[in-house]
>>> print(open('upload-v2.tsv').read())   # TSV, C-alpha atoms
chain	number	residue	atom	x	y	z
T	1083	MET	CA	0.00	0.00	0.00
T	1084	HIS	CA	2.99	2.27	-0.54
T	1085	ILE	CA	2.10	5.69	-1.88
T	1086	PRO	CA	4.69	6.62	-4.53
T	1087	ASP	CA	6.37	10.01	-4.89
T	1088	GLY	CA	4.47	12.56	-6.92
T	1089	PHE	CA	0.91	11.62	-5.96
T	1090	LEU	CA	0.73	13.61	-2.72
T	1091	SER	CA	0.45	17.39	-2.57
T	1092	PRO	CA	2.85	19.46	-0.44
T	1093	GLN	CA	-0.22	20.41	1.65
T	1094	THR	CA	-0.30	16.76	2.65
T	1095	TYR	CA	3.29	15.60	2.89
T	1096	LEU	CA	4.73	18.67	4.61
T	1097	PRO	CA	2.42	18.51	7.68
T	1098	ALA	CA	2.83	14.72	7.66
T	1099	ALA	CA	6.62	15.17	7.68
T	1100	ALA	CA	6.37	17.48	10.70
T	1101	ILE	CA	4.26	14.91	12.57
T	1102	ALA	CA	6.52	12.04	11.50
T	1103	VAL	CA	9.70	13.82	12.62
T	1104	GLY	CA	8.13	14.29	16.06
T	1105	ALA	CA	7.03	10.68	16.13
T	1106	TRP	CA	10.48	9.43	15.07
T	1107	ALA	CA	12.12	11.54	17.79
T	1108	TRP	CA	9.70	10.10	20.36
T	1109	ALA	CA	10.31	6.55	19.12
T	1110	ALA	CA	14.11	6.96	19.15
T	1111	ARG	CA	14.23	8.25	22.74
T	1112	GLY	CA	16.05	5.75	24.93
T	1113	LEU	CA	16.44	3.43	21.96
T	1114	ARG	CA	20.21	2.97	22.27
T	1115	SER	CA	19.93	1.62	25.79
T	1116	ALA	CA	17.14	-0.75	24.77
T	1117	LEU	CA	19.17	-2.32	21.96
T	1118	ASP	CA	21.50	-5.15	22.85
T	1119	GLU	CA	23.16	-8.08	21.11
T	1120	THR	CA	20.13	-10.31	21.71
T	1121	LEU	CA	17.45	-7.93	20.59
T	1122	ILE	CA	19.22	-6.43	17.56
T	1123	PRO	CA	19.58	-9.67	15.57
T	1124	ARG	CA	15.95	-10.58	16.14
T	1125	LEU	CA	14.77	-7.13	15.21
T	1126	ALA	CA	17.03	-7.09	12.15
T	1127	MET	CA	15.77	-10.47	11.08
T	1128	LEU	CA	12.11	-9.47	11.20
T	1129	THR	CA	12.87	-6.09	9.69
T	1130	ALA	CA	14.49	-7.86	6.74
T	1131	LEU	CA	11.47	-10.12	6.49
T	1132	ALA	CA	9.19	-7.07	6.38
T	1133	TYR	CA	11.49	-5.55	3.76
T	1134	GLY	CA	11.17	-8.62	1.55
T	1135	LEU	CA	7.42	-8.96	2.06
T	1136	GLY	CA	6.80	-5.34	1.18
T	1137	LEU	CA	8.53	-5.76	-2.16
T	1138	VAL	CA	6.20	-8.53	-3.34
T	1139	MET	CA	3.42	-6.19	-4.34
T	1140	LEU	CA	0.55	-5.97	-6.76
T	1141	PRO	CA	-0.45	-2.60	-8.20
T	1142	LEU	CA	-4.04	-1.73	-7.31
T	1143	PRO	CA	-6.29	0.35	-9.58
T	1144	GLY	CA	-6.71	2.88	-6.75
T	1145	GLY	CA	-3.13	4.05	-7.32
T	1146	THR	CA	-1.33	2.17	-4.63
T	1147	SER	CA	-0.14	-1.41	-4.14
T	1148	GLY	CA	-1.26	-4.54	-2.34
T	1149	HIS	CA	1.19	-6.47	-0.20
T	1150	THR	CA	1.67	-7.94	3.24
T	1151	LEU	CA	3.43	-5.68	5.74
T	1152	GLY	CA	5.13	-7.79	8.39
T	1153	VAL	CA	4.75	-4.91	10.81
T	1154	ALA	CA	2.40	-6.72	13.20
T	1155	ILE	CA	4.93	-9.33	14.24
T	1156	ILE	CA	7.59	-6.66	14.87
T	1157	ALA	CA	5.10	-4.70	16.97
T	1158	LEU	CA	3.93	-7.71	18.96
T	1159	LEU	CA	7.47	-8.85	19.74
T	1160	PHE	CA	9.29	-5.55	20.18
T	1161	GLY	CA	6.68	-2.90	20.95
T	1162	LEU	CA	5.33	0.18	19.23
T	1163	ARG	CA	8.39	2.43	19.21
T	1164	LEU	CA	10.84	-0.11	17.84
T	1165	ALA	CA	8.33	-1.36	15.28
T	1166	PHE	CA	7.65	2.18	14.04
T	1167	LEU	CA	11.35	2.97	13.70
T	1168	ALA	CA	12.24	-0.35	12.10
T	1169	TYR	CA	9.39	-0.16	9.63
T	1170	SER	CA	10.28	3.42	8.75
T	1171	GLY	CA	13.77	2.13	7.90
T	1172	VAL	CA	12.23	-0.57	5.74
T	1173	LEU	CA	10.16	2.01	3.85
T	1174	LEU	CA	13.19	4.24	3.37
T	1175	LEU	CA	15.26	1.42	1.88
T	1176	GLN	CA	12.41	0.22	-0.33
T	1177	ALA	CA	11.92	3.74	-1.66
T	1178	LEU	CA	15.59	4.41	-2.36
T	1179	LEU	CA	16.64	1.01	-3.65
T	1180	PHE	CA	13.52	-0.09	-5.52
T	1181	GLY	CA	11.44	3.05	-6.05
T	1182	ALA	CA	8.68	1.35	-4.02
T	1183	GLY	CA	6.92	4.14	-2.19
T	1184	GLY	CA	8.67	7.48	-2.09
T	1185	ILE	CA	10.69	9.91	-0.05
T	1186	THR	CA	8.14	12.73	0.00
T	1187	ALA	CA	5.48	10.09	0.70
T	1188	LEU	CA	7.64	8.43	3.39
T	1189	PRO	CA	6.10	10.33	6.34
T	1190	VAL	CA	2.56	9.34	5.33
T	1191	ASN	CA	3.57	5.75	4.57
T	1192	ALA	CA	5.51	5.48	7.84
T	1193	LEU	CA	2.75	7.00	9.96
T	1194	ALA	CA	0.11	4.77	8.33
T	1195	MET	CA	1.95	1.45	8.10
T	1196	GLY	CA	4.63	1.82	10.77
T	1197	LEU	CA	2.84	3.72	13.51
T	1198	ALA	CA	-0.87	3.08	12.97
T	1199	GLY	CA	-0.24	-0.50	11.84
T	1200	SER	CA	1.86	-1.28	14.90
T	1201	ALA	CA	-0.51	0.48	17.31
T	1202	THR	CA	-3.48	-1.38	15.84
T	1203	ALA	CA	-1.73	-4.74	16.13
T	1204	ILE	CA	-0.76	-4.14	19.75
T	1205	ALA	CA	-4.21	-2.83	20.74
T	1206	MET	CA	-6.06	-5.73	19.11
T	1207	PHE	CA	-3.68	-8.27	20.58
T	1208	ARG	CA	-4.09	-6.89	24.11
T	1209	LEU	CA	-7.84	-6.79	23.68
T	1210	LEU	CA	-8.22	-10.34	22.39
T	1211	LYS	CA	-5.37	-12.18	24.11
T	1212	PRO	CA	-7.50	-13.18	27.13
T	1213	LEU	CA	-9.86	-15.01	24.77
T	1214	HIS	CA	-7.33	-16.97	22.66
T	1215	GLU	CA	-3.72	-16.07	21.98
T	1216	SER	CA	-3.40	-17.41	18.44
T	1217	VAL	CA	-6.71	-15.88	17.38
T	1218	ALA	CA	-5.57	-12.60	18.93
T	1219	VAL	CA	-2.33	-12.68	16.93
T	1220	ALA	CA	-4.19	-13.45	13.69
T	1221	ILE	CA	-6.82	-10.74	14.14
T	1222	ALA	CA	-4.19	-8.23	15.25
T	1223	ALA	CA	-2.20	-8.94	12.08
T	1224	TRP	CA	-5.28	-8.67	9.87
T	1225	ALA	CA	-6.26	-5.36	11.46
T	1226	SER	CA	-2.69	-4.08	11.12
T	1227	VAL	CA	-3.16	-4.26	7.34
T	1228	ILE	CA	-6.70	-2.91	7.18
T	1229	VAL	CA	-6.24	0.21	9.33
T	1230	PRO	CA	-3.16	1.48	7.43
T	1231	GLY	CA	-4.98	0.62	4.20
T	1232	ALA	CA	-7.90	2.83	5.23
T	1233	LEU	CA	-5.51	5.66	6.15
T	1234	VAL	CA	-3.57	5.43	2.89
T	1235	ALA	CA	-6.81	5.29	0.88
T	1236	GLY	CA	-8.10	8.28	2.86
T	1237	VAL	CA	-5.00	10.37	2.23
T	1238	LEU	CA	-5.00	9.54	-1.48
T	1239	GLY	CA	-8.75	10.07	-1.79
T	1240	ILE	CA	-8.68	13.60	-0.37
T	1241	GLN	CA	-6.00	14.81	-2.82
T	1242	PRO	CA	-8.50	15.97	-5.49
T	1243	LEU	CA	-10.22	18.05	-2.80
T	1244	ILE	CA	-7.14	19.79	-1.41
T	1245	ALA	CA	-4.96	20.23	-4.53
T	1246	HIS	CA	-6.68	21.17	-7.77
T	1247	LYS	CA	-6.74	23.83	-10.47
T	1248	PRO	CA	-9.39	26.59	-10.40
T	1249	ASP	CA	-11.53	24.47	-12.74
T	1250	GLY	CA	-11.38	21.56	-10.31
T	1251	THR	CA	-8.88	19.41	-12.25
T	1252	PRO	CA	-6.74	17.47	-9.75
T	1253	LEU	CA	-3.04	18.35	-9.57
T	1254	PHE	CA	-1.95	15.18	-7.81
T	1255	PHE	CA	-3.82	11.95	-7.19
T	1256	PRO	CA	-6.93	12.06	-9.39
T	1257	PHE	CA	-9.44	9.71	-7.71
T	1258	GLY	CA	-11.66	10.48	-4.73
T	1259	LEU	CA	-12.54	8.44	-1.66
T	1260	GLU	CA	-15.38	6.65	-3.48
T	1261	ILE	CA	-12.70	4.91	-5.58
T	1262	THR	CA	-9.67	4.72	-3.28
T	1263	LEU	CA	-11.43	3.20	-0.27
T	1264	PRO	CA	-12.85	0.11	-2.02
T	1265	ALA	CA	-9.82	-0.18	-4.33
T	1266	VAL	CA	-7.42	-0.40	-1.38
T	1267	LEU	CA	-9.54	-2.02	1.30
T	1268	LEU	CA	-11.14	-4.89	-0.62
T	1269	PRO	CA	-7.84	-6.48	-1.78
T	1270	HIS	CA	-6.26	-5.82	1.61
T	1271	ALA	CA	-9.08	-7.62	3.39
T	1272	LEU	CA	-7.82	-10.72	1.55
T	1273	ILE	CA	-4.13	-9.83	1.87
T	1274	GLY	CA	-4.74	-9.44	5.61
T	1275	ILE	CA	-5.57	-13.15	5.80
T	1276	GLY	CA	-2.11	-13.94	4.40
T	1277	GLU	CA	-0.60	-11.46	6.82
T	1278	ALA	CA	-2.43	-13.18	9.69
T	1279	ALA	CA	-1.15	-16.63	8.66
T	1280	LEU	CA	2.40	-15.37	8.25
T	1281	THR	CA	2.38	-13.48	11.53
T	1282	LEU	CA	1.07	-16.52	13.35
T	1283	LEU	CA	3.82	-18.65	11.79
T	1284	VAL	CA	6.58	-16.27	12.89
T	1285	TRP	CA	4.92	-15.78	16.29
T	1286	ARG	CA	5.06	-19.55	16.88
T	1287	TYR	CA	8.67	-19.62	15.71
T	1288	ALA	CA	9.49	-16.85	18.19
T	1289	ARG	CA	7.78	-18.73	20.99
T	1290	MET	CA	9.56	-21.95	20.01
T	1291	ARG	CA	12.89	-20.09	20.19
T	1292	LYS	CA	11.82	-18.62	23.54
T	1293	TRP	CA	12.03	-15.02	22.44
T	1294	ARG	CA	10.46	-12.54	24.78
T	1295	ALA	CA	6.87	-11.82	23.82
E	735	MET	CA	27.20	15.18	-7.32
E	736	ALA	CA	30.85	14.59	-8.16
E	737	GLY	CA	33.30	15.87	-5.54
E	738	MET	CA	30.56	16.17	-2.94
E	739	THR	CA	30.54	14.31	0.36
E	740	ALA	CA	27.83	11.69	0.79
E	741	ARG	CA	26.18	13.80	3.48
E	742	HIS	CA	26.08	16.90	1.28
E	743	ALA	CA	24.69	14.87	-1.60
E	744	LEU	CA	21.93	13.64	0.73
E	745	TYR	CA	21.07	17.21	1.74
E	746	LEU	CA	21.04	18.30	-1.90
E	747	TYR	CA	18.80	15.40	-2.86
E	748	LEU	CA	16.37	16.16	-0.03
E	749	ALA	CA	16.33	19.84	-0.99
E	750	VAL	CA	15.71	19.22	-4.70
E	751	LEU	CA	13.26	16.33	-4.43
E	752	PRO	CA	10.14	18.31	-3.39
E	753	ALA	CA	10.58	20.85	-6.21
E	754	PRO	CA	8.59	18.86	-8.82
E	755	THR	CA	5.58	18.84	-6.48
E	756	PHE	CA	5.43	22.65	-6.68
E	757	VAL	CA	5.53	22.65	-10.49
E	758	HIS	CA	2.28	22.06	-12.35
E	759	ASP	CA	3.46	22.70	-15.89
E	760	PRO	CA	4.34	19.54	-17.84
E	761	ALA	CA	6.81	21.49	-20.03
E	762	LEU	CA	8.80	22.61	-16.98
E	763	LEU	CA	8.83	19.09	-15.57
E	764	ALA	CA	10.05	17.76	-18.93
E	765	LEU	CA	12.78	20.39	-18.86
E	766	GLY	CA	13.71	19.31	-15.32
E	767	LEU	CA	13.94	15.72	-16.47
E	768	LEU	CA	16.15	16.71	-19.42
E	769	VAL	CA	18.46	18.65	-17.10
E	770	ALA	CA	18.67	15.70	-14.72
E	771	LEU	CA	19.42	13.37	-17.64
E	772	ALA	CA	22.13	15.71	-18.91
E	773	LEU	CA	23.76	15.92	-15.48
E	774	ALA	CA	23.50	12.20	-14.69
E	775	GLY	CA	26.43	11.32	-16.96
E	776	ALA	CA	27.11	7.97	-18.54
E	777	GLU	CA	24.67	6.12	-16.29
E	778	ARG	CA	21.68	8.23	-17.38
E	779	TRP	CA	20.02	5.61	-19.61
E	780	ARG	CA	20.43	2.80	-17.10
E	781	ILE	CA	18.92	4.99	-14.36
E	782	LEU	CA	16.12	6.12	-16.68
E	783	LYS	CA	15.31	2.52	-17.63
E	784	ARG	CA	15.30	1.52	-13.96
E	785	SER	CA	13.05	4.46	-13.09
E	786	LEU	CA	10.62	3.63	-15.89
E	787	LEU	CA	10.42	0.01	-14.78
E	788	ALA	CA	9.90	1.03	-11.13
E	789	ILE	CA	6.96	3.31	-11.89
E	790	LEU	CA	5.50	1.34	-14.77
E	791	ALA	CA	2.94	-0.76	-12.90
E	792	PHE	CA	1.62	1.97	-10.63
E	793	ASN	CA	1.53	4.80	-13.11
E	794	LEU	CA	0.04	2.57	-15.75
E	795	SER	CA	-2.78	1.50	-13.43
E	796	VAL	CA	-3.58	5.09	-12.41
E	797	SER	CA	-3.19	6.44	-15.95
E	798	LEU	CA	-5.44	3.72	-17.39
E	799	GLY	CA	-8.01	4.60	-14.74
E	800	VAL	CA	-7.86	8.26	-15.77
E	801	VAL	CA	-8.14	7.34	-19.46
E	802	LEU	CA	-11.13	5.07	-18.83
E	803	VAL	CA	-12.93	7.65	-16.69
E	804	GLY	CA	-12.09	10.29	-19.32
E	805	LEU	CA	-13.49	8.16	-22.14
E	806	TRP	CA	-16.64	7.58	-20.12
E	807	ARG	CA	-17.05	11.32	-19.55
E	808	GLY	CA	-16.09	12.18	-23.14
E	809	HIS	CA	-12.82	14.00	-22.35
E	810	VAL	CA	-9.45	12.45	-21.52
E	811	ASP	CA	-7.30	14.81	-19.44
E	812	THR	CA	-4.01	14.48	-21.31
E	813	ASP	CA	-2.55	17.41	-19.35
E	814	TRP	CA	-2.95	15.50	-16.11
E	815	LEU	CA	-1.50	12.34	-17.66
E	816	LEU	CA	1.59	14.23	-18.77
E	817	LEU	CA	1.90	16.18	-15.54
E	818	ALA	CA	1.58	13.19	-13.19
E	819	ASN	CA	3.76	10.80	-15.18
E	820	LEU	CA	6.54	13.33	-15.75
E	821	ARG	CA	6.49	14.37	-12.09
E	822	VAL	CA	6.68	10.79	-10.80
E	823	LEU	CA	9.36	9.84	-13.34
E	824	LEU	CA	11.50	12.86	-12.43
E	825	MET	CA	11.23	12.19	-8.68
E	826	VAL	CA	12.05	8.49	-9.02
E	827	PHE	CA	14.92	9.31	-11.40
E	828	LEU	CA	16.37	11.72	-8.81
E	829	GLY	CA	16.19	8.97	-6.16
E	830	PHE	CA	17.91	6.34	-8.28
E	831	TRP	CA	20.51	8.84	-9.44
E	832	PHE	CA	21.26	9.68	-5.80
E	833	VAL	CA	21.58	6.00	-4.85
E	834	ALA	CA	23.75	5.28	-7.92
E	835	ARG	CA	26.20	8.04	-6.99
E	836	VAL	CA	26.17	7.97	-3.19
E	837	ASN	CA	26.86	5.25	-0.67
E	838	LEU	CA	23.71	5.27	1.45
E	839	LEU	CA	25.50	4.05	4.58
E	840	ALA	CA	28.14	6.78	4.19
E	841	ALA	CA	25.38	9.38	3.85
E	842	LEU	CA	23.76	8.15	7.05
E	843	GLN	CA	27.01	8.34	9.04
E	844	GLY	CA	26.53	10.57	12.05
E	845	TRP	CA	23.06	9.16	12.70
E	846	PRO	CA	24.07	5.95	14.50
E	847	THR	CA	20.57	4.54	14.87
E	848	ALA	CA	19.76	5.03	11.19
E	849	THR	CA	23.14	3.55	10.21
E	850	LEU	CA	22.58	0.58	12.48
E	851	VAL	CA	19.11	-0.21	11.14
E	852	ALA	CA	20.18	0.32	7.51
E	853	THR	CA	23.32	-1.83	7.88
E	854	LEU	CA	21.44	-4.70	9.47
E	855	ALA	CA	18.46	-4.52	7.13
E	856	LEU	CA	20.61	-4.32	3.99
E	857	GLY	CA	22.84	-7.17	5.14
E	858	GLN	CA	19.84	-9.28	6.01
E	859	ALA	CA	18.08	-8.59	2.75
E	860	ARG	CA	21.14	-9.71	0.80
E	861	ALA	CA	21.52	-12.82	2.98
E	862	PHE	CA	17.84	-13.69	2.43
E	863	ALA	CA	18.16	-13.35	-1.34
E	864	ARG	CA	21.28	-15.56	-1.42
E	865	LEU	CA	19.78	-18.24	0.79
E	866	ILE	CA	16.52	-18.39	-1.17
E	867	ARG	CA	18.50	-18.84	-4.40
E	868	ASP	CA	20.61	-21.62	-2.82
E	869	PHE	CA	17.50	-23.42	-1.54
E	870	ARG	CA	15.79	-23.15	-4.93
E	871	LEU	CA	18.80	-24.57	-6.76
E	872	ALA	CA	19.26	-27.35	-4.20
E	873	PHE	CA	15.58	-28.31	-4.41
E	874	ALA	CA	15.70	-28.33	-8.22
E	875	SER	CA	18.84	-30.49	-8.24
E	876	ARG	CA	17.22	-33.05	-5.87
E	877	SER	CA	13.98	-33.26	-7.86
E	878	ILE	CA	14.27	-35.74	-10.72
E	879	VAL	CA	10.55	-35.59	-11.40
E	880	LYS	CA	8.20	-32.68	-10.87
E	881	PRO	CA	7.78	-32.23	-7.08
E	882	ARG	CA	4.35	-32.88	-5.57
E	883	LEU	CA	2.47	-30.19	-3.69
E	884	LEU	CA	3.30	-31.91	-0.39
E	885	ASP	CA	7.03	-31.87	-1.26
E	886	ARG	CA	6.80	-28.19	-2.10
E	887	ARG	CA	5.04	-27.46	1.19
E	888	ARG	CA	7.71	-29.35	3.16
E	889	HIS	CA	10.44	-27.57	1.24
E	890	ALA	CA	8.84	-24.16	1.88
E	891	GLY	CA	8.53	-24.92	5.61
E	892	ALA	CA	12.15	-26.06	5.89
E	893	GLN	CA	13.28	-23.05	3.91
E	894	ALA	CA	11.34	-20.64	6.13
E	895	VAL	CA	12.85	-22.03	9.34
E	896	ALA	CA	16.37	-22.09	7.83
E	897	LEU	CA	15.94	-18.51	6.63
E	898	LEU	CA	14.91	-17.26	10.05
E	899	ASP	CA	17.68	-19.19	11.84
E	900	LYS	CA	20.34	-18.14	9.37
E	901	ALA	CA	19.20	-14.53	9.48
E	902	GLN	CA	19.43	-14.49	13.25
E	903	VAL	CA	22.91	-16.04	13.28
E	904	GLN	CA	24.15	-13.60	10.68
E	905	SER	CA	22.69	-10.53	12.34
E	906	THR	CA	24.17	-11.64	15.67
E	907	GLU	CA	27.58	-11.67	14.00
E	908	VAL	CA	26.95	-8.27	12.42
E	909	ALA	CA	25.76	-6.82	15.73
E	910	LEU	CA	28.87	-8.14	17.52
E	911	ALA	CA	31.14	-6.81	14.79
E	912	MET	CA	29.44	-3.42	15.00
E	913	ARG	CA	29.79	-3.37	18.78
E	914	SER	CA	33.50	-4.23	18.55
E	915	ARG	CA	33.88	-1.24	16.21
E	916	GLY	CA	32.13	1.07	18.64
E	917	ALA	CA	28.85	1.37	16.72
E	918	PHE	CA	26.79	1.31	19.93
E	919	ASP	CA	29.01	3.68	21.87
E	920	ALA	CA	27.35	6.93	22.76
>>> encode(input="upload-v2.tsv", output="structure tokens")
Amino acid sequence: MHIPDGFLSPQTYLPAAAIAVGAWAWAARGLRSALDETLIPRLAMLTALAYGLGLVMLPLPGGTSGHTLGVAIIALLFGLRLAFLAYSGVLLLQALLFGAGGITALPVNALAMGLAGSATAIAMFRLLKPLHESVAVAIAAWASVIVPGALVAGVLGIQPLIAHKPDGTPLFFPFGLEITLPAVLLPHALIGIGEAALTLLVWRYARMRKWRA
Amino acid sequence: MAGMTARHALYLYLAVLPAPTFVHDPALLALGLLVALALAGAERWRILKRSLLAILAFNLSVSLGVVLVGLWRGHVDTDWLLLANLRVLLMVFLGFWFVARVNLLAALQGWPTATLVATLALGQARAFARLIRDFRLAFASRSIVKPRLLDRRRHAGAQAVALLDKAQVQSTEVALAMRSRGAFDA
């Protein structure tokens, strides 16, 4: 669901960049002391997994892409701040090395997928864990795809409203919410099932290896 | 970007990149692309080809949508098609040109956390790609006849566990090497 460069107006990406910089500063606070030789390899491993997963993407007619994220498992194992930072790094590398996503779009992509995706996964997991742990992991992973999808579709869909010529012709992304929301959310409702299965698989691996969780 | 430090090249890239989003004239964007092509040197066509391939799927899907909606309404907005595609192409070209000329890790030096995450993620990504290729070749060499679905499932499971284990071992080594070089020192 990466938004590429060139489809977001400065009215969108500049405020998003200001928010993202604040969020990155908050997430990085105390990070160095939290990282150690045990945690770093595990984080790096799952970050690389997320990096690979994010590159297997299908273009969607709504102007973005469909792919699994891998952010839920990072969030569930390492917490919101680390997951947000790590996923932001993933997005940066994907944008620079593969042109997947973009640098001006990075703040929006990072806030949607990294921050909102992680927060959703953690909230859903905490809410549902008392009922059944595996089900909680699966639903948390599914929701961690759907919520960022809705945010990305929302940001794209409002572009014709906030950046257009005097005659109403869009200057950036051309389609409104009536197209972006179904175009992004319907495929991601299915992709979320794959994300859930994958997250559950890695979650069980982490438990088998007695990682903290 | 020749003669510039990696950090300065990063600043220049970040300063120039937003410019196309403030330009809404396709002719000016085309001019910007021509200037970038002229300055990119001998690698210009490789970078251009790479940029075109990177944006092809997304821009094609959006552009086709615009064309279809335009045909339905009786007017295809060719100005928008030119504007959007030139803008995206120019921005992606600038990114690939930057990466082709500048060592990303050198540009991130001075931001230890960013360097750390980038080093580990890049190393891991390369290790993953190598291991997947090795597994695929090994599986193909062991399969005299076409493998059954069950064999493929077993292979995929074994590969997934090996990938995760190998990735952890490798990143442990990288983390230790980085610590011994003072990467975690304040």
>>> interface_residues(input="upload-v2.tsv", of="chain E", to="chain T", cutoff="7 Å", atoms="all atoms listed in the file", output="list in words")
Pro752, Thr755, Ala788, Ala791, Phe792, Ser795, Val796, Gly799, Ala818, Arg821, Val822, Met825, Val826, Gly829, Phe830, Val833, Val851, Ala852, Leu854, Ala855, Gln858, Ala859, Leu898, Ala901, Gln902, Ser905, Thr906, Ala909 and Leu910 of chain E
>>> closest_residue(input="upload-v2.tsv", among="T:Val1103, T:Ala1165, T:Leu1158, T:Ala1265", to="T:Lys1211", atoms="only C-alpha atoms")
T:Leu1158
>>> residues_around(input="upload-v2.tsv", residues="E:Gly775", least_positions_apart="5", cutoff="12 Å", atoms="all atoms listed in the file", output="JSON, numbers by chain")
{"E": [735, 736, 768, 769, 770, 780, 781, 782, 831, 834, 835]}
>>> residues_around(input="upload-v2.tsv", residues="stretch 1192-1201 of chain T", least_positions_apart="4", cutoff="10 Å", atoms="all atoms listed in the file", output="count of residues only")
50
>>> closest_residue(input="upload-v2.tsv", among="E:Val908, E:Lys783, E:Ala743, E:Leu828", to="E:Gly857", atoms="all atoms listed in the file")
E:Val908
>>> residues_around(input="upload-v2.tsv", residues="T:Leu1259", least_positions_apart="6", cutoff="10 Å", atoms="all atoms listed in the file", output="count of residues only")
11
>>> atom_distance(input="upload-v2.tsv", atom1="atom CA of E:Leu817", atom2="atom CA of E:Leu763")
7.5 Å
>>> atom_distance(input="upload-v2.tsv", atom1="atom CA of T:Ala1279", atom2="atom CA of T:Ile1221")
9.8 Å
>>> closest_residue(input="upload-v2.tsv", among="E:Gly891, E:Gly766, E:Pro846, E:Pro760", to="E:Asp813", atoms="all atoms listed in the file")
E:Pro760
>>> atom_distance(input="upload-v2.tsv", atom1="atom CA of E:Ala841", atom2="atom CA of E:Leu744")
6.3 Å
>>> closest_residue(input="upload-v2.tsv", among="E:Leu842, E:Ala861, E:Val879, E:Leu816", to="E:Val903", atoms="only C-alpha atoms")
E:Ala861
>>> closest_residue(input="upload-v2.tsv", among="E:Ala753, E:Arg913, E:Leu787, E:Phe869", to="E:Ala892", atoms="all atoms listed in the file")
E:Phe869
>>> residues_around(input="upload-v2.tsv", residues="E:Asn819", least_positions_apart="4", cutoff="7 Å", atoms="all atoms listed in the file", output="JSON list (two decimals) with C-alpha atoms, in the frame of the given file")
[["chain", "number", "residue", "atom", "x", "y", "z"],
["E", 793, "ASN", "CA", 1.53, 4.80, -13.11],
["E", 815, "LEU", "CA", -1.50, 12.34, -17.66],
["E", 823, "LEU", "CA", 9.36, 9.84, -13.34]]
>>> closest_residue(input="upload-v2.tsv", among="E:Ala872, E:Met912, E:Leu820, E:Met738", to="E:Phe832", atoms="all atoms listed in the file")
E:Met738
